[in-house]
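Asker: Contents of protein15.csv (CSV, C-alpha atoms):
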```csv
chain,number,residue,atom,x,y,z
R,1,MET,CA,36.9,12.9,20.6
R,2,THR,CA,37.2,10.4,17.7
R,3,GLU,CA,34.6,10.0,15.0
R,4,SER,CA,33.6,6.6,16.4
R,5,GLN,CA,33.1,8.0,19.9
R,6,GLU,CA,31.2,11.0,18.6
R,7,HIS,CA,28.6,8.7,16.9
R,8,ALA,CA,28.6,5.9,19.4
R,9,PRO,CA,25.2,4.6,20.5
R,10,SER,CA,23.7,6.2,23.7
R,11,ARG,CA,23.8,2.8,25.4
R,12,ARG,CA,25.3,-0.6,24.9
R,13,ARG,CA,23.2,-3.2,23.1
R,14,GLN,CA,23.4,-6.9,22.6
R,15,ARG,CA,24.9,-7.9,19.2
R,16,PHE,CA,24.0,-11.0,17.2
R,17,PRO,CA,26.9,-12.2,15.1
R,18,ASP,CA,26.0,-14.3,12.0
R,19,ILE,CA,22.3,-14.1,12.9
R,20,SER,CA,20.0,-15.6,10.3
R,21,SER,CA,16.8,-13.8,9.3
R,22,ARG,CA,15.1,-17.0,10.3
R,23,ALA,CA,15.6,-16.0,13.9
R,24,TYR,CA,13.1,-13.1,13.7
R,25,GLU,CA,11.0,-13.9,10.6
R,26,HIS,CA,7.3,-14.3,11.4
R,27,PRO,CA,5.9,-17.7,10.3
R,28,ALA,CA,3.2,-16.0,8.4
R,29,ASP,CA,5.9,-14.1,6.4
R,30,ARG,CA,7.5,-17.3,5.2
R,31,SER,CA,4.1,-19.0,4.5
R,32,ALA,CA,2.9,-16.0,2.4
R,33,LEU,CA,6.2,-16.0,0.5
R,34,VAL,CA,5.9,-19.7,-0.4
R,35,ALA,CA,2.3,-19.1,-1.5
R,36,LEU,CA,3.5,-16.1,-3.6
R,37,ARG,CA,6.2,-18.1,-5.4
R,38,LYS,CA,3.7,-20.9,-6.2
R,39,LEU,CA,1.3,-18.4,-7.9
R,40,THR,CA,0.8,-19.2,-11.6
R,41,GLY,CA,2.9,-16.8,-13.7
R,42,PHE,CA,4.9,-15.3,-10.8
R,43,ASP,CA,8.2,-16.9,-11.7
R,44,THR,CA,7.8,-15.7,-15.3
R,45,VAL,CA,7.0,-12.1,-14.2
R,46,PHE,CA,9.8,-12.2,-11.6
R,47,LYS,CA,12.5,-13.3,-14.0
R,48,ALA,CA,11.4,-10.8,-16.7
R,49,LEU,CA,11.2,-7.8,-14.3
R,50,SER,CA,14.5,-8.7,-12.6
R,51,GLY,CA,16.2,-7.9,-15.9
R,52,LEU,CA,14.0,-5.0,-17.0
R,53,LEU,CA,13.5,-2.9,-13.9
R,54,PRO,CA,15.4,0.4,-14.1
R,55,GLU,CA,17.4,0.0,-10.9
R,56,ARG,CA,20.1,2.4,-12.0
R,57,SER,CA,17.5,5.0,-12.8
R,58,LEU,CA,16.0,4.4,-9.3
R,59,ARG,CA,19.3,5.0,-7.6
R,60,LEU,CA,20.0,8.1,-9.8
R,61,LEU,CA,16.6,9.5,-8.8
R,62,PHE,CA,17.3,9.3,-5.1
R,63,LEU,CA,20.8,10.5,-5.6
R,64,SER,CA,19.6,13.6,-7.5
R,65,ASP,CA,16.5,14.5,-5.6
R,66,SER,CA,16.9,13.3,-2.0
R,67,VAL,CA,19.6,13.7,0.7
R,68,ARG,CA,22.0,10.8,1.1
R,69,VAL,CA,22.7,9.9,4.7
R,70,SER,CA,26.4,10.1,5.7
R,71,ASP,CA,28.7,11.5,8.3
R,72,ALA,CA,28.2,14.9,6.7
R,73,GLN,CA,24.4,14.7,6.2
R,74,PHE,CA,21.9,13.5,8.8
R,75,ALA,CA,24.8,12.1,10.8
R,76,HIS,CA,22.6,10.8,13.6
R,77,LEU,CA,20.7,8.6,11.1
R,78,HIS,CA,24.0,7.4,9.7
R,79,SER,CA,25.2,6.4,13.2
R,80,MET,CA,21.9,4.5,13.8
R,81,LEU,CA,22.3,2.8,10.4
R,82,ARG,CA,25.8,1.6,11.1
R,83,ASP,CA,24.8,0.5,14.6
R,84,ALA,CA,21.9,-1.5,13.3
R,85,CYS,CA,24.1,-3.2,10.7
R,86,TYR,CA,26.6,-4.0,13.4
R,87,ILE,CA,24.0,-5.5,15.7
R,88,LEU,CA,22.4,-7.7,13.0
R,89,ASP,CA,25.9,-8.4,11.5
R,90,LEU,CA,25.0,-7.0,8.0
R,91,GLU,CA,28.4,-6.5,6.5
R,92,LYS,CA,27.6,-4.1,3.7
R,93,VAL,CA,25.8,-1.0,5.0
R,94,PRO,CA,22.9,-0.1,2.6
R,95,ALA,CA,22.7,3.4,1.1
R,96,MET,CA,20.1,5.5,2.9
R,97,TYR,CA,18.3,8.6,1.7
R,98,VAL,CA,16.0,11.1,3.3
R,99,THR,CA,13.3,12.3,0.9
R,100,GLN,CA,10.9,15.3,1.3
R,101,ASP,CA,7.5,13.9,2.1
R,102,PRO,CA,5.3,15.0,5.0
R,103,ARG,CA,3.8,11.5,5.3
R,104,PRO,CA,5.7,9.4,7.8
R,105,ASN,CA,7.1,6.4,5.9
R,106,ALA,CA,10.2,4.3,5.3
R,107,MET,CA,11.0,1.6,2.8
R,108,CYS,CA,13.7,-0.8,1.6
R,109,ILE,CA,13.9,-1.3,-2.1
R,110,GLY,CA,16.4,-2.4,-4.8
R,111,LEU,CA,17.2,-5.6,-6.7
R,112,ASP,CA,21.0,-5.9,-6.7
R,113,GLU,CA,21.6,-3.9,-3.5
R,114,PRO,CA,19.0,-2.6,-1.1
R,115,ILE,CA,18.4,1.1,-0.6
R,116,ILE,CA,16.7,2.5,2.5
R,117,VAL,CA,14.5,5.6,2.1
R,118,VAL,CA,12.9,7.5,5.0
R,119,THR,CA,10.6,10.5,4.7
R,120,THR,CA,11.1,13.9,6.4
R,121,GLY,CA,7.7,13.3,8.0
R,122,LEU,CA,9.0,10.3,9.8
R,123,VAL,CA,12.3,11.9,10.8
R,124,GLU,CA,10.5,14.9,12.3
R,125,LEU,CA,7.9,12.6,14.1
R,126,LEU,CA,10.1,10.2,16.0
R,127,ASP,CA,12.6,10.6,18.8
R,128,GLU,CA,16.1,8.9,18.7
R,129,GLU,CA,15.1,5.5,20.2
R,130,GLU,CA,11.9,5.3,18.1
R,131,MET,CA,13.8,6.1,15.0
R,132,ARG,CA,16.5,3.5,15.9
R,133,ALA,CA,13.7,0.9,15.9
R,134,VAL,CA,12.6,2.0,12.4
R,135,VAL,CA,16.2,1.9,11.0
R,136,GLY,CA,16.5,-1.6,12.5
R,137,HIS,CA,13.2,-2.5,10.9
R,138,GLU,CA,14.5,-1.5,7.4
R,139,VAL,CA,17.9,-3.2,8.0
R,140,GLY,CA,15.9,-6.3,8.9
R,141,HIS,CA,14.1,-6.0,5.5
R,142,ALA,CA,17.6,-5.8,3.8
R,143,LEU,CA,18.9,-8.9,5.7
R,144,SER,CA,15.8,-10.9,4.8
R,145,GLY,CA,16.1,-10.0,1.1
R,146,HIS,CA,12.7,-8.3,1.1
R,147,SER,CA,13.8,-5.4,-1.0
R,148,VAL,CA,13.6,-7.3,-4.3
R,149,TYR,CA,9.9,-8.2,-3.9
R,150,ARG,CA,9.1,-4.7,-2.6
R,151,THR,CA,10.6,-3.2,-5.7
R,152,ILE,CA,8.6,-5.5,-8.0
R,153,LEU,CA,5.4,-4.7,-6.0
R,154,LEU,CA,6.0,-0.9,-6.6
R,155,PHE,CA,6.6,-1.5,-10.3
R,156,LEU,CA,3.6,-3.8,-10.8
R,157,THR,CA,1.3,-1.4,-8.9
R,158,SER,CA,2.2,1.3,-11.3
R,159,LEU,CA,1.9,-1.0,-14.3
R,160,ALA,CA,-1.5,-2.2,-13.2
R,161,LEU,CA,-2.8,1.3,-13.5
R,162,LYS,CA,-1.3,1.7,-17.0
R,163,VAL,CA,-2.8,-1.5,-18.4
R,164,ALA,CA,-6.2,-1.2,-16.6
R,165,TRP,CA,-7.9,-1.0,-20.0
R,166,ILE,CA,-6.6,-4.5,-20.9
R,167,PRO,CA,-9.1,-6.8,-19.0
R,168,LEU,CA,-7.1,-10.1,-19.0
R,169,GLY,CA,-3.7,-8.3,-18.6
R,170,ASN,CA,-4.9,-6.3,-15.7
R,171,MET,CA,-6.5,-9.3,-14.0
R,172,ALA,CA,-3.2,-11.3,-14.2
R,173,ILE,CA,-1.1,-8.4,-12.8
R,174,MET,CA,-3.6,-7.7,-10.0
R,175,ALA,CA,-3.5,-11.3,-8.9
R,176,ILE,CA,0.2,-11.1,-8.5
R,177,VAL,CA,-0.1,-7.6,-6.8
R,178,THR,CA,-2.7,-8.9,-4.4
R,179,ALA,CA,-0.4,-11.8,-3.5
R,180,LEU,CA,2.6,-9.5,-3.1
R,181,ARG,CA,0.7,-7.2,-0.8
R,182,GLU,CA,-0.4,-10.1,1.3
R,183,TRP,CA,3.2,-11.2,1.7
R,184,PHE,CA,4.5,-7.7,2.3
R,185,ARG,CA,2.0,-7.1,5.1
R,186,LYS,CA,3.3,-10.3,6.8
R,187,SER,CA,6.9,-9.3,6.1
R,188,GLU,CA,6.3,-6.1,8.1
R,189,LEU,CA,5.7,-8.2,11.2
R,190,SER,CA,9.2,-9.8,10.7
R,191,ALA,CA,10.8,-6.4,10.2
R,192,ASP,CA,9.2,-5.1,13.4
R,193,ARG,CA,10.9,-7.9,15.2
R,194,ALA,CA,14.2,-7.0,13.6
R,195,GLY,CA,13.6,-3.4,14.8
R,196,LEU,CA,13.2,-4.6,18.3
R,197,LEU,CA,16.4,-6.6,18.2
R,198,VAL,CA,18.2,-3.5,17.1
R,199,GLY,CA,16.6,-1.0,19.4
R,200,GLN,CA,16.2,-3.4,22.3
R,201,ASP,CA,13.6,-1.1,23.7
R,202,LEU,CA,10.0,-2.4,23.5
R,203,GLN,CA,8.5,0.9,24.8
R,204,ALA,CA,10.2,2.9,22.0
R,205,SER,CA,8.9,0.5,19.4
R,206,MET,CA,5.4,0.9,20.8
R,207,ARG,CA,5.7,4.7,20.9
R,208,GLY,CA,6.8,4.7,17.3
R,209,LEU,CA,3.8,2.7,16.2
R,210,MET,CA,1.5,4.9,18.2
R,211,LYS,CA,2.9,8.1,16.7
R,212,ILE,CA,2.5,6.6,13.1
R,213,ALA,CA,-1.2,6.0,14.0
R,214,GLY,CA,-1.9,9.2,16.0
R,215,GLY,CA,0.8,11.8,15.4
R,216,ASN,CA,3.2,13.5,17.8
R,217,HIS,CA,0.8,13.7,20.7
R,218,LEU,CA,2.3,11.2,23.2
R,219,HIS,CA,1.0,13.2,26.2
R,220,GLU,CA,-2.5,12.4,24.8
R,221,MET,CA,-1.8,8.7,24.2
R,222,ASN,CA,-1.3,5.5,26.3
R,223,VAL,CA,0.4,2.3,25.3
R,224,ASP,CA,-2.0,0.1,27.3
R,225,ALA,CA,-5.0,1.8,25.8
R,226,PHE,CA,-3.5,1.5,22.3
R,227,LEU,CA,-3.0,-2.2,22.8
R,228,ALA,CA,-6.6,-2.5,24.1
R,229,GLN,CA,-7.7,-1.2,20.7
R,230,ALA,CA,-6.0,-4.2,19.0
R,231,GLU,CA,-7.8,-6.5,21.4
R,232,GLU,CA,-11.2,-4.8,20.7
R,233,TYR,CA,-10.4,-4.9,16.9
R,234,GLU,CA,-9.8,-8.6,16.9
R,235,ALA,CA,-12.6,-9.7,19.2
R,236,GLY,CA,-15.3,-7.2,18.3
R,237,GLY,CA,-18.3,-7.5,16.1
R,238,ASP,CA,-19.8,-10.4,14.2
R,239,LEU,CA,-19.0,-12.2,10.9
R,240,ARG,CA,-19.9,-9.1,8.9
R,241,ASP,CA,-17.2,-7.2,10.7
R,242,SER,CA,-14.7,-10.1,10.0
R,243,VAL,CA,-15.4,-9.7,6.3
R,244,LEU,CA,-15.0,-6.0,6.5
R,245,LYS,CA,-11.6,-6.4,8.2
R,246,ILE,CA,-10.4,-8.5,5.3
R,247,LEU,CA,-11.7,-6.0,2.7
R,248,ASN,CA,-10.2,-3.0,4.6
R,249,VAL,CA,-6.7,-4.6,4.7
R,250,LEU,CA,-6.5,-5.9,1.1
R,251,PRO,CA,-5.4,-2.6,-0.5
R,252,ARG,CA,-2.9,-1.9,2.2
R,253,SER,CA,0.9,-2.6,2.1
R,254,HIS,CA,1.2,-2.6,5.9
R,255,PRO,CA,-0.9,-4.3,8.6
R,256,PHE,CA,-2.8,-2.0,10.9
R,257,THR,CA,-0.6,-0.3,13.5
R,258,THR,CA,-2.6,-1.6,16.6
R,259,VAL,CA,-2.2,-5.2,15.2
R,260,ARG,CA,1.5,-4.7,14.7
R,261,ALA,CA,2.0,-3.4,18.2
R,262,ALA,CA,0.1,-6.3,19.7
R,263,GLU,CA,2.0,-8.9,17.6
R,264,LEU,CA,5.4,-7.3,18.6
R,265,LYS,CA,4.5,-7.2,22.3
R,266,LYS,CA,3.5,-10.9,22.2
R,267,TRP,CA,6.8,-11.8,20.6
R,268,ALA,CA,8.8,-9.7,23.0
R,269,GLU,CA,7.3,-11.6,25.9
R,270,SER,CA,7.9,-15.0,24.2
R,271,ARG,CA,10.6,-17.6,24.9
R,272,ASP,CA,11.8,-17.3,21.3
R,273,TYR,CA,12.8,-13.6,21.8
R,274,GLN,CA,14.5,-14.4,25.1
R,275,ARG,CA,16.5,-17.2,23.6
R,276,ILE,CA,17.8,-14.7,20.9
R,277,MET,CA,18.7,-12.2,23.5
R,278,ASP,CA,20.6,-15.0,25.4
R,279,GLY,CA,22.6,-15.7,22.2
R,280,HIS,CA,20.7,-18.8,21.1
R,281,TYR,CA,19.5,-18.2,17.5
R,282,PRO,CA,19.8,-19.7,14.0
R,283,ARG,CA,23.0,-18.7,12.2
R,284,ARG,CA,23.4,-17.7,8.5
R,285,THR,CA,26.1,-20.3,8.1
R,286,GLU,CA,23.5,-22.9,8.9
R,287,ASP,CA,20.9,-21.6,6.4
R,288,LYS,CA,22.0,-24.0,3.6
R,289,ASP,CA,21.2,-27.0,5.9
R,290,THR,CA,17.7,-25.7,6.8
R,291,SER,CA,14.8,-28.1,6.2
R,292,VAL,CA,12.1,-26.6,4.0
R,293,SER,CA,9.6,-29.1,5.4
R,294,ASP,CA,10.4,-27.9,9.0
R,295,SER,CA,9.6,-24.4,7.9
R,296,PHE,CA,6.3,-25.6,6.4
R,297,ARG,CA,5.4,-27.4,9.6
R,298,GLU,CA,6.3,-24.4,11.8
R,299,SER,CA,4.1,-22.1,9.6
R,300,ALA,CA,1.2,-24.6,9.7
R,301,SER,CA,1.6,-24.9,13.4
R,302,HIS,CA,1.5,-21.1,13.7
R,303,TYR,CA,-1.7,-20.8,11.7
R,304,ALA,CA,-3.4,-23.6,13.7
R,305,GLU,CA,-2.5,-21.9,16.9
R,306,SER,CA,-3.7,-18.5,15.5
R,307,VAL,CA,-7.1,-20.0,14.6
R,308,ARG,CA,-7.3,-21.7,18.0
R,309,THR,CA,-6.5,-18.7,20.1
R,310,SER,CA,-8.1,-16.0,17.9
R,311,LYS,CA,-11.0,-14.0,19.2
R,312,ASP,CA,-12.2,-12.9,15.8
R,313,PRO,CA,-15.7,-14.2,15.1
R,314,LEU,CA,-14.8,-15.7,11.7
R,315,MET,CA,-11.6,-17.4,13.1
R,316,LYS,CA,-13.6,-18.8,16.1
R,317,LEU,CA,-16.1,-20.2,13.7
R,318,VAL,CA,-13.4,-21.8,11.6
R,319,GLY,CA,-11.9,-23.3,14.8
R,320,ASP,CA,-15.2,-24.6,16.0
R,321,ILE,CA,-16.0,-26.2,12.6
R,322,ALA,CA,-12.6,-27.8,12.4
R,323,GLY,CA,-13.2,-29.2,15.9
R,324,GLY,CA,-16.6,-30.6,15.0
R,325,ALA,CA,-18.4,-28.2,17.3
R,326,GLY,CA,-21.6,-27.8,15.3
R,327,ASP,CA,-23.6,-27.1,12.2
R,328,LEU,CA,-22.1,-24.5,9.8
R,329,GLY,CA,-25.4,-23.2,8.6
R,330,GLY,CA,-26.8,-22.8,12.1
R,331,ARG,CA,-23.7,-21.0,13.3
R,332,LEU,CA,-23.6,-18.7,10.4
R,333,ARG,CA,-27.2,-17.8,10.9
R,334,GLU,CA,-26.6,-17.2,14.6
R,335,LYS,CA,-23.6,-15.0,14.0
R,336,PHE,CA,-25.3,-12.9,11.3
R,337,THR,CA,-28.7,-12.6,12.8
R,338,GLY,CA,-28.0,-12.8,16.5
R,339,GLY,CA,-30.5,-15.6,16.9
R,340,ALA,CA,-30.4,-18.0,19.8
R,341,PRO,CA,-28.4,-21.2,19.4
R,342,GLY,CA,-30.4,-24.2,18.3
R,343,THR,CA,-33.1,-22.4,16.4
R,344,GLY,CA,-34.1,-23.8,13.0
R,345,THR,CA,-32.6,-27.0,11.6
R,346,GLY,CA,-29.5,-28.3,13.0
R,347,THR,CA,-27.9,-31.1,14.9
R,348,GLY,CA,-30.0,-32.5,17.8
R,349,ALA,CA,-28.8,-33.3,21.2
R,350,GLY,CA,-28.4,-36.9,20.4
R,351,GLY,CA,-26.1,-36.1,17.4
R,352,THR,CA,-28.6,-37.0,14.7
R,353,PRO,CA,-30.2,-34.5,12.3
R,354,ASP,CA,-33.6,-33.0,13.3
R,355,ALA,CA,-36.5,-34.2,11.3
```
I need this file expressed as structure tokens, please.
Answerer:
Amino acid sequence: MTESQEHAPSRRRQRFPDISSRAYEHPADRSALVALRKLTGFDTVFKALSGLLPERSLRLLFLSDSVRVSDAQFAHLHSMLRDACYILDLEKVPAMYVTQDPRPNAMCIGLDEPIIVVTTGLVELLDEEEMRAVVGHEVGHALSGHSVYRTILLFLTSLALKVAWIPLGNMAIMAIVTALREWFRKSELSADRAGLLVGQDLQASMRGLMKIAGGNHLHEMNVDAFLAQAEEYEAGGDLRDSVLKILNVLPRSHPFTTVRAAELKKWAESRDYQRIMDGHYPRRTEDKDTSVSDSFRESASHYAESVRTSKDPLMKLVGDIAGGAGDLGGRLREKFTGGAPGTGTGTGAGGTPDA
């Protein structure tokens, strides 16, 4: 048996030659990145850190204190990595390391060249097809160029702690860190899609997210019930809960797992995903001709649709106000107090203010 046969994938998968990351990038990912780049001071910080970050030290750290994936070490992961790069047509296979950490996690970092790092906790938690989706997820980050911003986020998060005693300095850094986190959460939705394109097994992607949320107890979990949690999370509560959701997610680098699962399932059932699987997708050779204004319009359209279809109380209120459906003060009071509609001052039936 030859080496290529020995490490061949367990089943044949669709390949996407010359695929552009635009094919799977979530509109919110692109919008958040545009907003990040417009943030005052970001360009200055980005240019400064790009030349100062100790990337060589970072590579030496993983080389000296982690296990580099290869044909000789974690060969099954090496096979998945090469297969993922083949499917997404990423010519240069990134270096990949396994590091000792019981927490299940993976990341793609690096400025000049991306490095993929997975923890032992993740390797031990996931089965082959679930892990394949994760490897595809990280290769998607590499193809999209996300590793640069992720590296800067890690550095700035550490720096913010060191300069916390400098009020203005810390505020400026935290503004950029907050914007970077917002973008990174959205970029995870894009990378989840890349993972599905590589694994081409939605159930495996769902199982992997469930395991990250609830551990290796699949016999105690159910995909439909897990997705129902996402529905309940979005629609439940009142405006106070909407505010708490925002506060809960702000310090996180990743979206909540139920939300990720629901977003991925929605995309897997969409026409966009089917077109990619049929071989109709944006090509990297066409990236230079891409219209920035078209991307803006697509992102704006996505947000408008998200507000229109959202069941979150705050988003529904925003949609109602945008559609001229009523008085802001009255609706806020109704949502927060549970009072009946139309109590207190508001707009009368004839459309004129009450006396």
Asker: Hey, can you check how far CA of Ala191 in chain R sits from CA of Gly140 in chain R?
Answerer: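 Here the two named atoms are 5.3 Å from each other.
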Asker: Kindly give the distance, in Å, that separates CA of Ser205 in chain R and CA of Thr285 in chain R, rounded to a single decimal.
Answerer: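 One can read the CA of Ser205 in chain R to CA of Thr285 in chain R distance as 29.3 Å.
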Asker: Quick one: everything within 10 Å of Phe62 in chain R, counting all atoms listed in the file, minus sequence neighbours fewer than 2 positions away in the same chain. Send it as a list in words.
Answerer: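 So, after excluding close chain neighbours, the residues are Ser57, Leu58, Arg59, Leu60, Ser64, Asp65, Ser66, Val67, Arg68, Met96, Tyr97, Val98, Thr99, Ile115 and Val117 of chain R.
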Asker: Measure the distance from CA of Thr178 in chain R to CA of Leu153 in chain R in Å and round it to one decimal.
Answerer: 9.3 Å
Asker: I want to know what sits within 10 Å of Ser144 in chain R, based on all atoms listed in the file, with residues of the same chain fewer than 3 positions away left out; could you give that as a list of chain:residue names?
Answerer: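 Surrounding residues, per the criterion: R:Ser20, R:Ser21, R:Arg22, R:Tyr24, R:Glu25, R:Glu138, R:Val139, R:Gly140, R:His141, R:Ser147, R:Ser187, R:Ser190, R:Ala191, R:Ala194.
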Asker: If we count all atoms listed in the file and set the cut-off at 10 Å, which residues sit around Tyr149 in chain R, ignoring sequence neighbours fewer than 6 positions away in its own chain? Please answer as a PyMOL selection string.
Answerer: chain R and resi 33+46+50+108-111+155+180-181+183-184
Asker: With all atoms listed in the file as the counted atoms, please give the residues lying no more than 9 Å from range 131-134 of chain R, apart from itself and same-chain residues fewer than 5 positions off, as a ChimeraX atom specification.
Answerer: /R:77,80-81,83-84,106,122-123,125-126,139,191-192,194-201,204-205,208
Asker: Per residue of range 214-235 of chain R within 8 Å of range 254-258 of chain R, which atom pair is closest and at what distance in Å (one decimal), using all atoms listed in the file, listed by chain and increasing number, as a tab-separated table?
Answerer:
```
residue	atom	partner	partner_atom	distance
R:Phe226	CA	R:Thr258	CA	6.6
R:Leu227	CA	R:Thr258	CA	6.2
R:Gln229	CA	R:Thr258	CA	6.6
R:Ala230	CA	R:Thr258	CA	4.9
```
Asker: Would you mind telling me which residue in R:Glu263, R:Glu234, R:Asp287, R:Asp89 lies nearest to Leu143 in chain R when using all atoms listed in the file?
Answerer: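 Among the listed residues, the smallest separation from Leu143 in chain R belongs to R:Asp89.
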Asker: Between R:Arg260, R:Arg185, R:Arg207, R:Lys288, which one has atoms that come closest to Glu129 in chain R, using only C-alpha atoms?
Answerer: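 Of R:Arg260, R:Arg185, R:Arg207, R:Lys288, the one nearest Glu129 in chain R, counting only C-alpha atoms, is R:Arg207.
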Asker: Would you be able to write out as a list of chain:residue names which residues have an atom within 8 Å of (24.0, 1.3, -0.3) in the file's coordinates, counting all atoms listed in the file?
Answerer: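 Residues lying no farther than 8 Å from the given point: R:Lys92, R:Val93, R:Pro94, R:Ala95, R:Met96, R:Glu113, R:Pro114, R:Ile115, R:Ile116.
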Asker: When you count all atoms listed in the file, which of these residues is closest to Glu128 in chain R: R:Asp71, R:Asp29, R:Leu90, R:Ser79?
Answerer: R:Ser79
